[in-house]
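What follows is a short report on a single structure.
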Amino acid sequence: MKIIAMDVMSTGVIAYYVLIASRDGFLTPIVSNAENAAYADPVPQAVILTAIVIGFSIQALMLVSVMKLARDNPTLESSEIEKNNTP
Amino acid sequence: MNTLTIVWITFPFLVGFLIYLLPKLDRFLALGVTLVSIAYALWQLVEPSSLTLSLLDSFGVTLTIDALSGYFILTNALVTAAVLLYCWHSNKTAYFYTQAIILHGSVNAVFVCADFISLYVALEVIGIAAFLLISYPRTDRSIWVALRYLFISNTAMLFYLVGAVLVYQANHSFAFTGLLNAPTEAIALIFLGLLTKGGVFVSGLWLPMTHSESESPVSALLSGVVVKTGVFPLVRCALLMEELVPVVQLFGVGAALLGVTFGAFEKDTKRTLALSTVSQMGWILVAPAVGGLYALAHGLVKATAFLIAGNLPSRRFTELHQKPMPTMLWIVLVMASLSISGFPLFAGFGAKMLTLAQLDSWQEIAMNVAAIGTAVLYAKFIFLPHERQADSSKLQPNFWMALFLLVGALIVANVWFVETYTVRNIIKAIGIIGAGWLVHHLLAKRSGFRLPRPLEQFEHLIGGMSLVLILLFWMVVWV
């Protein structure tokens with residue numbers, strides 16, 4: 001559940017980057033014949049692409065380890081898992 | 001010079017994947033990488049040159065290498081080399097060495113980058129590599145600890161990302177220098193991410209459990225270098241922008257006192273060491289100008305201490321008082337403890353004195369208290385029993401080589417501190433240690449008191465993060 005919550009949070013961050021990129025305009029920033037078009041800022045989009053990939057891979061890693069943990073804690077309550085694993 | 005630097009940065013990543021292709025050569029390749037890094041860092045320190053590499057166009061994606069990064073890189077290289085030597089005869093697979101070297105490479109990348117986006121990428125790679133190293137034993141507990149670490153660091157990095165885009169919006173550049181023009185929220189968000197990653201103050205309370213429950217070579221890596229990746233950008237920002245220094249220093253003092261208070265009541269060796277890391281991160285932050293030297297002194301000691309703690313007969317102090325350890329091991333442990341308490345002849349002394357010399361009066365009082373606290377912490381290790389006949393046969397020569405490398409570096413590092421050897425400083429250092437030992441004998445040894453640790457619970461850690469964020473915001477407004 002918490003992992004899904006984190007994913008929602010990262011989606012929010014991505015959406016925020018896209019919002020900032022589109023503040024100057026909505027056109028795709030590709031060289032074309034249109035003159036002085038209000039195009040979107042390509043830099044935040046390029047940057048957030050990296051963050052999306054990283055976020056995705058972290059998500060995958062976390063889910064794998066949760067699957068491993070689920071064998072002994074089928075209910076997946078984080079407080080229970082924590083109690084069993086704290087010295 | 002430029003080409004050399006770029007080759008050096010990419011080298012660990014190439015070799016990391018090469019190890020997987022040539023698993024027979026894993027240890028040799030890994031050790032080779034660290035030797036290259038040591039050579040590069042030493043060269044950087046002998047011929048201090050400030051080098052800046054910018055990516056094309058004006059988005060501020062830059063790498064900066066100077067003496068400050070030199071010290072951090074040297075720490076990283078020495079600690080990784082010692083850990084690799086330590087693991088030489090253990091049955092670790094090529095997978096472990098691959099992760100260790102990728103971790104080494106990404107930590108190096110943090111120490112040279114000067115903009116928020118390359119920093120973000122490097123920190124995330126560190127997070128993943130550290131996760132894989134912590135969960136290497138694949139027991140339930142190690143997986144839980146690793147999951148907790150990854151979750152917290154990733155949440156912190158999400159806050160950081162929002163801060164980074166605000167900086168970009170204000171400057172159209174990601175460079176560190178743009179932080180001043182950015183809105184207050186941006187500074188608060190970015191600092192929160194870095195403070196959490198660096199294990200500083202309340203947001204760093206995830207650290208004791210993570211560092212104490214990992215295997216000892218991994219703890220040595222995490223405590224010796226990985227937490228410094230959060231601290232380094234803070235030091236760099238504080239050096240670039242005078243206005244941010246008070247905020248950073250306040251957190252430094254807070255962390256230094258918090259770490260020793262918790263540590264003094266701790267009954268477990270590895271947890272004590274981990275809490276001492278929290279306090280030492282405060283020491284690095286409090287005087288950004290000499291933070292590099294302090295980081296070097298601390299990284300070497302902490303790696304030594306964790307590697308030894310993994311070989312003690314028990315983890316609990318009460319049991320250690322009954323089971324003596326081999327004398328040779330004890331001597332090395334005492335050398336490390338003396339260095340971090342600031343005893344002359346070791347690098348810790350010079351680093352501590354240089355740091356104290358940089359401070360204002362009220363900070364100096366607080367940091368002297370923290371120094372006494374550190375001496376109390378390490379008195380626990382120094383006054384453990386030892387005997388010559390104890391069984392030391394399972395300690396292999398490569399273990400001693402690793403310790404020799406670290407302790408040797410501690411003594412050699414004195415060349416940077418020659419000017420601190422004045423009579424006044426030496427008396428002061430011995431006075432601090434004496435006071436610490438006195439407190440240890442009078443109080444700490446007898447108390448059976450145990451500090452509760454509700455703050456270290458998973459949900460409280462995340463909640464604590466948002467509280468620190470609000471605190472940071474008002475601090476930045478106030479400054």
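Residue numbering restarts at 1 in every chain; chains get A, B, ... in the order shown in the structure tokens, and ligands count up from 1 in that same order.
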With only C-alpha atoms as the counted atoms, please give the residues lying no more than 10 Å from Leu19 (chain A), apart from itself and same-chain residues fewer than 4 positions off, as a JSON list (two decimals) with C-alpha atoms, in the first residue's frame.
[["chain", "number", "residue", "atom", "x", "y", "z"],
["A", 13, "VAL", "CA", 6.18, 15.16, -9.27],
["A", 14, "ILE", "CA", 6.27, 14.14, -12.94],
["A", 15, "ALA", "CA", 3.04, 16.00, -13.60],
["A", 23, "ARG", "CA", 4.12, 27.35, -18.94],
["A", 24, "ASP", "CA", 5.41, 29.06, -22.07],
["A", 26, "PHE", "CA", 1.92, 23.82, -25.56],
["A", 40, "ALA", "CA", 6.99, 24.04, -24.44],
["A", 44, "PRO", "CA", 12.26, 19.71, -17.80],
["A", 45, "GLN", "CA", 10.70, 17.09, -20.05]]
Requested in this report: Determine, counting only C-alpha atoms, which protein, DNA and RNA residues have an atom within 6 Å of an atom of Gly259 (chain B); residues of the same chain fewer than 5 positions away are not included. Present the result as a PyMOL selection string.
Outcome: chain B and resi 275-276+278-279
Which residues are close to region 96-113 of chain B, i.e. within 6 Å by only C-alpha atoms, leaving aside same-chain residues fewer than 3 positions away? Reply as a short mmCIF file (atom, residue, chain, number, x, y, z; two decimals) with N, CA and C atoms, in the first residue's frame.
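To be explicit, this is the file written out as part_1.cif:
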data_model
loop_
_atom_site.label_atom_id
_atom_site.label_comp_id
_atom_site.auth_asym_id
_atom_site.auth_seq_id
_atom_site.Cartn_x
_atom_site.Cartn_y
_atom_site.Cartn_z
N PRO B 12 34.76 3.08 -13.50
CA PRO B 12 34.15 2.12 -12.59
C PRO B 12 32.91 1.46 -13.16
N PHE B 13 32.11 2.21 -13.93
CA PHE B 13 30.88 1.62 -14.46
C PHE B 13 31.21 0.57 -15.51
N GLY B 16 32.57 -2.33 -13.72
CA GLY B 16 31.50 -2.99 -12.98
C GLY B 16 30.78 -4.01 -13.84
N LEU B 63 30.47 19.64 -14.10
CA LEU B 63 31.26 18.87 -13.13
C LEU B 63 32.35 19.79 -12.62
N THR B 64 32.57 19.80 -11.32
CA THR B 64 33.64 20.62 -10.77
C THR B 64 34.53 19.73 -9.91
N ILE B 65 35.82 19.78 -10.15
CA ILE B 65 36.75 18.98 -9.35
C ILE B 65 37.75 19.92 -8.72
N SER B 69 36.70 18.00 -3.42
CA SER B 69 36.30 16.69 -3.95
C SER B 69 37.44 15.71 -3.82
N THR B 93 30.04 -13.51 -4.36
CA THR B 93 30.04 -13.78 -5.79
C THR B 93 30.39 -12.51 -6.56
N LEU B 119 23.46 15.34 -9.87
CA LEU B 119 23.45 14.91 -8.48
C LEU B 119 22.30 13.95 -8.22
N ALA B 122 23.02 10.54 -9.77
CA ALA B 122 24.05 9.81 -9.03
C ALA B 122 23.49 9.31 -7.70
N ILE B 126 23.17 5.42 -6.37
CA ILE B 126 23.70 5.00 -5.08
C ILE B 126 22.63 4.28 -4.29
N ALA B 129 22.18 0.76 -5.72
CA ALA B 129 23.33 -0.12 -5.46
C ALA B 129 23.40 -0.46 -3.98
#
Query raised in the report: Interatomic distance between CA of Ala38 (chain A) and CA of Thr177 (chain B)?
Result: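 Going from CA of Ala38 (chain A) over to CA of Thr177 (chain B) covers 28.6 Å.
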Query - Polymer residues at most 12 Å from Ala21 (chain A), only C-alpha atoms, same-chain spacing of 3 or more positions, as a list of chain:residue names - result: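 That gives A:Ile14, A:Ala15, A:Tyr16, A:Tyr17, A:Val18, A:Asp24, A:Gly25, A:Phe26, A:Leu27, A:Thr28, A:Pro29, A:Ala38, A:Tyr39, A:Ala40, A:Asp41, A:Pro42, A:Val43, A:Pro44, A:Gln45, A:Ala46, A:Val47, A:Ile48, B:Val165, B:Leu166, B:Tyr168, B:Gln169, B:His172.
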Query raised in the report: Leaving out Met62 (chain A) and any residue of its chain fewer than 4 positions from it, which residues lie within 7 Å of it when counting only C-alpha atoms, given as an NGL selection string?
Result: (:A and (58 or 66)) or (:B and (147))
